[in-house]
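Undergrad: Below is the file query-v6.cif, which contains mmCIF, C-alpha atoms, pLDDT in the B column; chains and numbers go by the auth columns.
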```
data_data
#
loop_
_atom_site.group_PDB
_atom_site.id
_atom_site.type_symbol
_atom_site.label_atom_id
_atom_site.label_comp_id
_atom_site.label_asym_id
_atom_site.label_seq_id
_atom_site.Cartn_x
_atom_site.Cartn_y
_atom_site.Cartn_z
_atom_site.B_iso_or_equiv
_atom_site.auth_seq_id
_atom_site.auth_asym_id
ATOM 1 C CA MET A 1 27.997 -26.425 45.389 67.00 286 T
ATOM 2 C CA ARG A 2 31.343 -25.407 46.905 76.00 287 T
ATOM 3 C CA ASP A 3 29.933 -22.038 48.041 81.00 288 T
ATOM 4 C CA ALA A 4 26.928 -23.736 49.654 82.00 289 T
ATOM 5 C CA LEU A 5 29.192 -26.147 51.526 83.00 290 T
ATOM 6 C CA ILE A 6 31.474 -23.357 52.783 86.00 291 T
ATOM 7 C CA LEU A 7 28.460 -21.377 53.964 90.00 292 T
ATOM 8 C CA GLU A 8 26.962 -24.453 55.634 89.00 293 T
ATOM 9 C CA LEU A 9 30.205 -25.143 57.475 89.00 294 T
ATOM 10 C CA GLY A 10 30.268 -21.530 58.656 93.00 295 T
ATOM 11 C CA VAL A 11 26.720 -21.818 60.009 95.00 296 T
ATOM 12 C CA ARG A 12 27.574 -25.160 61.652 93.00 297 T
ATOM 13 C CA GLU A 13 30.590 -23.614 63.338 95.00 298 T
ATOM 14 C CA LEU A 14 28.471 -20.697 64.498 97.00 299 T
ATOM 15 C CA ALA A 15 25.976 -23.087 66.105 96.00 300 T
ATOM 16 C CA THR A 16 28.834 -25.002 67.742 95.00 301 T
ATOM 17 C CA PHE A 17 30.485 -21.895 69.228 97.00 302 T
ATOM 18 C CA CYS A 18 27.082 -20.757 70.506 97.00 303 T
ATOM 19 C CA ARG A 19 26.524 -24.146 72.131 97.00 304 T
ATOM 20 C CA PHE A 20 29.967 -23.988 73.788 97.00 305 T
ATOM 21 C CA ALA A 21 29.201 -20.471 75.089 97.00 306 T
ATOM 22 C CA GLU A 22 25.855 -21.681 76.455 97.00 307 T
ATOM 23 C CA PHE A 23 27.585 -24.592 78.171 97.00 308 T
ATOM 24 C CA ALA A 24 30.085 -22.241 79.841 97.00 309 T
ATOM 25 C CA TYR A 25 27.319 -19.879 80.955 96.00 310 T
ATOM 26 C CA GLY A 26 25.378 -22.808 82.398 95.00 311 T
ATOM 27 C CA LYS A 27 28.403 -23.646 84.545 95.00 312 T
ATOM 28 C CA ILE A 28 28.561 -20.059 85.829 94.00 313 T
ATOM 29 C CA GLU A 29 24.855 -20.201 86.670 90.00 314 T
ATOM 30 C CA LYS A 30 25.273 -23.573 88.378 90.00 315 T
ATOM 31 C CA THR A 31 28.101 -22.416 90.660 85.00 316 T
ATOM 32 C CA GLY A 32 26.419 -19.095 91.400 80.00 317 T
ATOM 33 C CA GLY A 33 29.814 -17.469 91.599 80.00 318 T
ATOM 34 C CA GLN A 34 30.842 -19.510 94.627 88.00 319 T
ATOM 35 C CA ASP A 35 34.279 -20.435 93.287 91.00 320 T
ATOM 36 C CA ALA A 36 36.364 -17.617 91.779 92.00 321 T
ATOM 37 C CA VAL A 37 38.631 -19.796 89.637 93.00 322 T
ATOM 38 C CA GLU A 38 35.729 -21.764 88.189 94.00 323 T
ATOM 39 C CA THR A 39 33.581 -18.658 87.677 94.00 324 T
ATOM 40 C CA PHE A 40 36.226 -16.716 85.779 94.00 325 T
ATOM 41 C CA PHE A 41 37.420 -19.760 83.838 95.00 326 T
ATOM 42 C CA TYR A 42 33.908 -20.316 82.494 96.00 327 T
ATOM 43 C CA ALA A 43 33.337 -16.577 81.980 94.00 328 T
ATOM 44 C CA HIS A 44 36.445 -16.383 79.796 92.00 329 T
ATOM 45 C CA ALA A 45 35.425 -19.593 77.997 95.00 330 T
ATOM 46 C CA MET A 46 31.998 -18.098 77.336 95.00 331 T
ATOM 47 C CA LEU A 47 33.449 -14.838 76.022 91.00 332 T
ATOM 48 C CA GLY A 48 36.012 -16.594 73.841 91.00 333 T
ATOM 49 C CA ASN A 49 33.297 -18.657 72.185 95.00 334 T
ATOM 50 C CA CYS A 50 31.060 -15.595 71.856 93.00 335 T
ATOM 51 C CA ALA A 51 33.925 -13.751 70.163 91.00 336 T
ATOM 52 C CA MET A 52 34.300 -16.577 67.651 93.00 337 T
ATOM 53 C CA ALA A 53 30.545 -16.526 67.038 95.00 338 T
ATOM 54 C CA ALA A 54 30.653 -12.748 66.508 92.00 339 T
ATOM 55 C CA ARG A 55 33.504 -13.134 64.034 91.00 340 T
ATOM 56 C CA LEU A 56 31.558 -15.757 62.057 95.00 341 T
ATOM 57 C CA LEU A 57 28.391 -13.657 62.057 94.00 342 T
ATOM 58 C CA ARG A 58 30.090 -10.780 60.211 91.00 343 T
ATOM 59 C CA SER A 59 32.750 -12.705 58.291 92.00 344 T
ATOM 60 C CA GLN A 60 33.367 -11.162 54.888 91.00 345 T
ATOM 61 C CA ALA A 61 35.312 -14.283 53.876 91.00 346 T
ATOM 62 C CA LEU A 62 32.168 -16.379 54.362 89.00 347 T
ATOM 63 C CA ALA A 63 29.926 -13.680 52.861 88.00 348 T
ATOM 64 C CA ALA A 64 31.885 -14.016 49.634 86.00 349 T
ATOM 65 C CA HIS A 65 30.291 -17.472 49.333 80.00 350 T
ATOM 66 C CA ALA A 66 26.762 -16.209 50.012 82.00 351 T
ATOM 67 C CA ALA A 67 26.239 -13.451 47.459 86.00 352 T
ATOM 68 C CA ASP A 68 27.978 -10.990 49.802 84.00 353 T
ATOM 69 C CA ARG A 69 25.458 -11.591 52.574 90.00 354 T
ATOM 70 C CA THR A 70 26.916 -12.277 56.010 93.00 355 T
ATOM 71 C CA ILE A 71 25.688 -15.143 58.145 95.00 356 T
ATOM 72 C CA ALA A 72 24.101 -12.539 60.420 95.00 357 T
ATOM 73 C CA ASP A 73 22.151 -11.246 57.419 94.00 358 T
ATOM 74 C CA LEU A 74 21.098 -14.752 56.375 94.00 359 T
ATOM 75 C CA LEU A 75 19.921 -15.636 59.872 96.00 360 T
ATOM 76 C CA LYS A 76 18.381 -12.205 60.495 95.00 361 T
ATOM 77 C CA VAL A 77 20.383 -11.637 63.665 95.00 362 T
ATOM 78 C CA PRO A 78 19.415 -8.217 65.040 92.00 363 T
ATOM 79 C CA ARG A 79 22.186 -5.631 64.929 88.00 364 T
ATOM 80 C CA THR A 80 20.939 -4.460 68.328 90.00 365 T
ATOM 81 C CA TYR A 81 22.390 -7.562 69.972 90.00 366 T
ATOM 82 C CA GLN A 82 25.290 -6.837 72.284 87.00 367 T
ATOM 83 C CA ILE A 83 27.329 -9.488 70.496 85.00 368 T
ATOM 84 C CA GLU A 84 26.692 -7.615 67.223 76.00 369 T
ATOM 85 C CA ASP A 85 28.343 -4.381 68.332 70.00 370 T
ATOM 86 C CA GLU A 86 31.610 -6.279 68.703 67.00 371 T
ATOM 87 C CA ALA A 87 31.786 -5.416 72.400 67.00 372 T
ATOM 88 C CA ILE A 88 32.898 -8.917 73.276 72.00 373 T
ATOM 89 C CA ARG A 89 35.570 -9.108 70.609 72.00 374 T
ATOM 90 C CA GLY A 90 36.733 -5.643 71.581 72.00 375 T
ATOM 91 C CA MET A 91 37.114 -6.710 75.189 73.00 376 T
ATOM 92 C CA LEU A 92 39.305 -9.650 74.205 73.00 377 T
ATOM 93 C CA GLU A 93 41.283 -8.203 71.318 75.00 378 T
ATOM 94 C CA GLY A 94 43.816 -5.624 72.394 74.00 379 T
ATOM 95 C CA TYR A 95 43.492 -6.707 76.013 79.00 380 T
ATOM 96 C CA ASP A 96 47.201 -6.066 76.578 81.00 381 T
ATOM 97 C CA ALA A 97 46.987 -2.466 75.370 80.00 382 T
ATOM 98 C CA ARG A 98 43.853 -1.855 77.428 77.00 383 T
ATOM 99 C CA LEU A 99 45.589 -3.269 80.489 79.00 384 T
ATOM 100 C CA ALA A 100 48.558 -0.922 80.061 80.00 385 T
ATOM 101 C CA THR A 101 46.262 2.056 79.407 78.00 386 T
ATOM 102 C CA GLY A 102 44.124 1.288 82.432 72.00 387 T
ATOM 103 C CA LEU A 103 47.099 1.163 84.747 73.00 388 T
ATOM 104 C CA THR A 104 48.512 4.373 83.239 75.00 389 T
ATOM 105 C CA LEU A 105 45.229 6.263 83.632 75.00 390 T
ATOM 106 C CA TYR A 106 44.806 5.333 87.263 72.00 391 T
ATOM 107 C CA GLY A 107 48.411 5.978 88.200 71.00 392 T
ATOM 108 C CA GLU A 108 50.211 5.512 91.472 76.00 393 T
ATOM 109 C CA GLY A 109 48.269 4.033 94.353 77.00 394 T
ATOM 110 C CA THR A 110 45.880 2.149 92.072 78.00 395 T
ATOM 111 C CA ARG A 111 44.316 -0.911 93.644 82.00 396 T
ATOM 112 C CA VAL A 112 44.023 -3.645 91.042 83.00 397 T
ATOM 113 C CA LEU A 113 41.023 -5.766 91.945 85.00 398 T
ATOM 114 C CA ASP A 114 41.134 -9.233 90.445 88.00 399 T
ATOM 115 C CA SER A 115 38.778 -12.195 90.621 90.00 400 T
ATOM 116 C CA ASN A 116 36.333 -10.629 93.037 90.00 401 T
ATOM 117 C CA ILE A 117 32.785 -11.884 93.309 92.00 402 T
ATOM 118 C CA GLY A 118 29.937 -9.927 94.842 90.00 403 T
ATOM 119 C CA ASP A 119 28.364 -6.475 94.757 90.00 404 T
ATOM 120 C CA ARG A 120 30.820 -4.286 92.858 85.00 405 T
ATOM 121 C CA ASP A 121 30.036 -1.246 95.020 84.00 406 T
ATOM 122 C CA ALA A 122 31.399 -3.083 98.053 85.00 407 T
ATOM 123 C CA PHE A 123 34.850 -3.216 96.432 81.00 408 T
ATOM 124 C CA GLU A 124 35.010 0.103 94.599 71.00 409 T
ATOM 125 C CA ASP A 125 36.775 3.321 95.457 74.00 410 T
ATOM 126 C CA ASP A 126 38.394 6.093 93.395 72.00 411 T
ATOM 127 C CA LEU A 127 41.683 4.198 93.071 74.00 412 T
ATOM 128 C CA SER A 128 40.287 0.809 92.050 80.00 413 T
ATOM 129 C CA LEU A 129 40.803 -0.795 88.665 81.00 414 T
ATOM 130 C CA PHE A 130 38.647 -3.863 88.122 83.00 415 T
ATOM 131 C CA LEU A 131 40.688 -6.432 86.274 85.00 416 T
ATOM 132 C CA ARG A 132 38.030 -9.125 86.738 89.00 417 T
ATOM 133 C CA HIS A 133 34.824 -8.913 88.750 91.00 418 T
ATOM 134 C CA TYR A 134 31.573 -10.846 88.738 94.00 419 T
ATOM 135 C CA ASP A 135 28.378 -9.760 90.452 94.00 420 T
ATOM 136 C CA PRO A 136 26.045 -12.784 90.549 93.00 421 T
ATOM 137 C CA THR A 137 23.119 -10.704 91.834 91.00 422 T
ATOM 138 C CA VAL A 138 22.894 -8.836 88.511 94.00 423 T
ATOM 139 C CA ASP A 139 24.872 -11.352 86.393 94.00 424 T
ATOM 140 C CA VAL A 140 27.411 -8.729 85.303 94.00 425 T
ATOM 141 C CA LEU A 141 31.025 -9.510 84.463 92.00 426 T
ATOM 142 C CA THR A 142 33.533 -6.651 84.544 89.00 427 T
ATOM 143 C CA LEU A 143 36.817 -6.926 82.652 87.00 428 T
ATOM 144 C CA LEU A 144 39.065 -3.876 82.823 84.00 429 T
ATOM 145 C CA GLU A 145 36.114 -1.634 83.677 79.00 430 T
ATOM 146 C CA ASP A 146 33.992 -2.931 80.771 84.00 431 T
ATOM 147 C CA GLU A 147 30.748 -4.500 81.932 88.00 432 T
ATOM 148 C CA LEU A 148 28.860 -7.300 80.240 90.00 433 T
ATOM 149 C CA ASN A 149 25.472 -8.616 81.228 93.00 434 T
ATOM 150 C CA LEU A 150 26.057 -12.361 80.891 95.00 435 T
ATOM 151 C CA ALA A 151 22.367 -13.280 81.066 95.00 436 T
ATOM 152 C CA LEU A 152 21.590 -10.964 78.139 95.00 437 T
ATOM 153 C CA ILE A 153 24.484 -12.344 76.100 94.00 438 T
ATOM 154 C CA ALA A 154 23.442 -15.928 76.905 96.00 439 T
ATOM 155 C CA LYS A 155 19.905 -15.139 75.688 97.00 440 T
ATOM 156 C CA GLU A 156 21.287 -13.680 72.454 96.00 441 T
ATOM 157 C CA ILE A 157 23.606 -16.648 71.917 97.00 442 T
ATOM 158 C CA ALA A 158 20.727 -19.100 72.457 97.00 443 T
ATOM 159 C CA ASP A 159 18.657 -17.221 69.869 98.00 444 T
ATOM 160 C CA ILE A 160 21.539 -17.195 67.367 98.00 445 T
ATOM 161 C CA ARG A 161 22.114 -20.934 67.880 97.00 446 T
ATOM 162 C CA SER A 162 18.405 -21.589 67.357 97.00 447 T
ATOM 163 C CA LYS A 163 18.411 -19.560 64.124 97.00 448 T
ATOM 164 C CA ALA A 164 21.564 -21.345 62.910 96.00 449 T
ATOM 165 C CA GLU A 165 20.109 -24.774 63.630 95.00 450 T
ATOM 166 C CA ALA A 166 16.823 -23.865 61.910 96.00 451 T
ATOM 167 C CA TRP A 167 18.788 -22.674 58.860 95.00 452 T
ATOM 168 C CA LEU A 168 20.736 -25.933 58.838 93.00 453 T
ATOM 169 C CA ASP A 169 17.523 -27.949 59.088 92.00 454 T
ATOM 170 C CA SER A 170 16.235 -26.211 55.966 92.00 455 T
ATOM 171 C CA ASN A 171 19.446 -25.809 53.956 88.00 456 T
ATOM 172 C CA ALA A 172 21.950 -28.490 54.949 81.00 457 T
ATOM 173 C CA THR A 173 23.507 -30.365 52.044 77.00 458 T
ATOM 174 C CA LEU A 174 25.712 -32.708 54.031 69.00 459 T
ATOM 175 C CA THR A 175 24.052 -36.060 54.585 54.00 460 T
ATOM 176 C CA GLU A 176 25.332 -36.486 58.130 57.00 461 T
ATOM 177 C CA ARG A 177 24.827 -33.679 60.558 54.00 462 T
ATOM 178 C CA PRO A 178 25.229 -34.152 64.272 53.00 463 T
ATOM 179 C CA ALA A 179 22.058 -33.121 66.042 57.00 464 T
ATOM 180 C CA ALA A 180 24.024 -31.932 69.052 53.00 465 T
ATOM 181 C CA VAL A 181 27.474 -31.711 70.449 45.00 466 T
ATOM 182 C CA SER A 182 27.801 -33.874 73.546 48.00 467 T
ATOM 183 C CA ILE A 183 30.094 -32.469 76.186 48.00 468 T
ATOM 184 C CA PRO A 184 30.882 -34.788 79.096 51.00 469 T
ATOM 185 C CA PRO A 185 29.997 -33.407 82.517 57.00 470 T
ATOM 186 C CA THR A 186 32.739 -31.804 84.554 51.00 471 T
ATOM 187 C CA PRO A 187 33.826 -34.088 87.396 50.00 472 T
#
```
Can you give me the file's structure in the form of structure tokens?
TA:
Amino acid sequence: MRDALILELGVRELATFCRFAEFAYGKIEKTGGQDAVETFFYAHAMLGNCAMAARLLRSQALAAHAADRTIADLLKVPRTYQIEDEAIRGMLEGYDARLATGLTLYGEGTRVLDSNIGDRDAFEDDLSLFLRHYDPTVDVLTLLEDELNLALIAKEIADIRSKAEAWLDSNATLTERPAAVSIPPTP
């Protein structure tokens, strides 16, 4: 019983982090990249929640309570998903070291481009390091030269949330399960 409850809580948390990531992505879509602070705030919120979801998907601590099967295995989350190759976690973990390395590689005269929105080619030259960039025309976020297609990640996250909620519908042991997490609208 204890193992089932631990696993259920892991799946619930996965669904919650996915929902939070979807909420953040919806805000990026809604603003269309018109406000840099808001765009990058929600982009980082989305990635942080995606990183937590990725950690839960492959958690060995939780797998120990599910006959050594990860949540990703239980939910049949494709390993081809961008979130599955740990790209998101990799972008966030070790950010400080990547920042130092990026500046060292580019050297003197490097232009550090931060919080730019628009076609990346319009900003780029041989001495440019993209700290943060968002191109709303292709829905690509660049962090320290790493690019993420936010629309693709949002699609994956929605699928993972759907799988988690379906698993909970069939396997939940707790008598009270919130059907959704209500997040008040941003003023």
Undergrad: Using the chain letters and numbering of this document, enumerate as a list in words the residues selected by the PyMOL selection byres ((chain T and resi 287) around 12).
TA: Met286, Asp288, Ala289, Leu290, Ile291, Leu292, Glu293, Leu294, Leu347, Ala349, His350, Ala351, Thr458 and Leu459 of chain T
Undergrad: In Å, how far is it from CA of Lys312 in chain T to CA of Ala382 in chain T?
TA: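 The value is 29.6 Å.
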Undergrad: Identify which of the residues T:Leu359, T:Val425, T:Phe302, T:Gln367 lies closest to Asn456 in chain T, counting only C-alpha atoms when measuring atom-to-atom distances.
TA: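 Nearest to Asn456 in chain T: T:Leu359.
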Undergrad: Kindly resolve the PyMOL selection byres ((chain T and resi 403-406) around 10) on the present coordinates and return the residues as a list in words.
TA: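 The output of the PyMOL selection byres ((chain T and resi 403-406) around 10) on this file is Gly318, Gln319, Asn401, Ile402, Ala407, Phe408, Glu409, Asp410, Phe415, His418, Tyr419, Asp420, Pro421, Thr422, Val423, Asp424, Val425, Leu426 and Thr427 of chain T.
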Undergrad: How about saving the chosen residues, C-alpha atoms kept, as an mmCIF file, keeping the file's coordinate frame?
TA:
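File written: result00.cif
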```cif
data_model
loop_
_atom_site.group_PDB
_atom_site.id
_atom_site.type_symbol
_atom_site.label_atom_id
_atom_site.label_comp_id
_atom_site.auth_asym_id
_atom_site.auth_seq_id
_atom_site.Cartn_x
_atom_site.Cartn_y
_atom_site.Cartn_z
ATOM 1 C CA GLY T 318 29.814 -17.469 91.599
ATOM 2 C CA GLN T 319 30.842 -19.510 94.627
ATOM 3 C CA ASN T 401 36.333 -10.629 93.037
ATOM 4 C CA ILE T 402 32.785 -11.884 93.309
ATOM 5 C CA ALA T 407 31.399 -3.083 98.053
ATOM 6 C CA PHE T 408 34.850 -3.216 96.432
ATOM 7 C CA GLU T 409 35.010 0.103 94.599
ATOM 8 C CA ASP T 410 36.775 3.321 95.457
ATOM 9 C CA PHE T 415 38.647 -3.863 88.122
ATOM 10 C CA HIS T 418 34.824 -8.913 88.750
ATOM 11 C CA TYR T 419 31.573 -10.846 88.738
ATOM 12 C CA ASP T 420 28.378 -9.760 90.452
ATOM 13 C CA PRO T 421 26.045 -12.784 90.549
ATOM 14 C CA THR T 422 23.119 -10.704 91.834
ATOM 15 C CA VAL T 423 22.894 -8.836 88.511
ATOM 16 C CA ASP T 424 24.872 -11.352 86.393
ATOM 17 C CA VAL T 425 27.411 -8.729 85.303
ATOM 18 C CA LEU T 426 31.025 -9.510 84.463
ATOM 19 C CA THR T 427 33.533 -6.651 84.544
#
```
Undergrad: Have a look at T:Val362, T:Ala357, T:Leu377, T:Ala352 and name the one nearest to Ala336 in chain T; count only C-alpha atoms.
TA: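 Comparing T:Val362, T:Ala357, T:Leu377, T:Ala352 against Ala336 in chain T, the winner is T:Leu377.
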Undergrad: What does the distance between CA of Ala339 in chain T and CA of Ile373 in chain T come to in Å, to one decimal place?
TA: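 Computing the Euclidean distance for CA of Ala339 in chain T and CA of Ile373 in chain T yields 8.1 Å.
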Undergrad: Taking the file as shown, find all residues satisfying the PyMOL selection byres ((chain T and resi 411) around 10) and write them as a short mmCIF file (atom, residue, chain, number, x, y, z; two decimals) with C-alpha atoms, in the frame of the given file.
TA:
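Output (part-v2.cif):
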```
data_model
loop_
_atom_site.label_atom_id
_atom_site.label_comp_id
_atom_site.auth_asym_id
_atom_site.auth_seq_id
_atom_site.Cartn_x
_atom_site.Cartn_y
_atom_site.Cartn_z
CA TYR T 391 44.81 5.33 87.26
CA THR T 395 45.88 2.15 92.07
CA ARG T 396 44.32 -0.91 93.64
CA GLU T 409 35.01 0.10 94.60
CA ASP T 410 36.78 3.32 95.46
CA LEU T 412 41.68 4.20 93.07
CA SER T 413 40.29 0.81 92.05
CA LEU T 414 40.80 -0.80 88.66
#
```
Undergrad: For CA of Met331 in chain T and CA of Asp454 in chain T, determine how far apart the two atoms are, in Å to one decimal place.
TA: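 Between CA of Met331 in chain T and CA of Asp454 in chain T the gap is 25.3 Å.
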Undergrad: Hey, can you pull every residue with an atom no more than 9 Å from (31.7, -16.0, 63.0), using all atoms listed in the file, and send it as a list in words?
TA: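 Checking each residue against the 9 Å limit leaves Gly295, Val296, Glu298, Leu299, Phe302, Cys335, Ala336, Met337, Ala338, Ala339, Arg340, Leu341, Leu342, Arg343, Ser344, Leu347, Ile356 and Ala357 of chain T.
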Undergrad: Considering all atoms listed in the file, state which residue in the set T:Asn334, T:Ala328, T:Asp399, T:Ala346 is at the smallest distance from Thr301 in chain T.
TA: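 Smallest separation from Thr301 in chain T among the options: T:Asn334.
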Undergrad: For range 443-450 of chain T, find every residue with an atom within 6 Å (counting only C-alpha atoms), except residues of its own chain fewer than 2 positions away, and show them as a compact mmCIF listing (two decimals) with C-alpha atoms, in the frame of the given file.
TA:
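Final output, saved to result-v7.txt:
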```txt
# COMPACT_ATOMS: atom_id res chain seq x y z
CA VAL T 296 26.72 -21.82 60.01
CA ALA T 300 25.98 -23.09 66.10
CA CYS T 303 27.08 -20.76 70.51
CA LEU T 360 19.92 -15.64 59.87
CA LYS T 440 19.90 -15.14 75.69
CA GLU T 441 21.29 -13.68 72.45
CA TRP T 452 18.79 -22.67 58.86
CA LEU T 453 20.74 -25.93 58.84
```
Undergrad: Which one is closest to Leu398 in chain T: T:Tyr310, T:Lys361, T:Leu428, T:Ala439? Count only C-alpha atoms.
TA: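 Using only C-alpha atoms, Leu398 in chain T sits closest to T:Leu428.
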Undergrad: Please tell me which residues are no farther than 8 Å from (39.3, -0.8, 81.3) in the file, counting only C-alpha atoms, and write them as a list in words.
TA: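 These residues have at least one counted atom within 8 Å: Arg383, Leu384, Thr386, Gly387, Leu414, Phe415, Leu416, Leu428, Leu429, Glu430 and Asp431 of chain T.
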Undergrad: When you count all atoms listed in the file, which of these residues is closest to Ala306 in chain T: T:Ala451, T:Leu332, T:Ala348, T:Ala321?
TA: T:Leu332
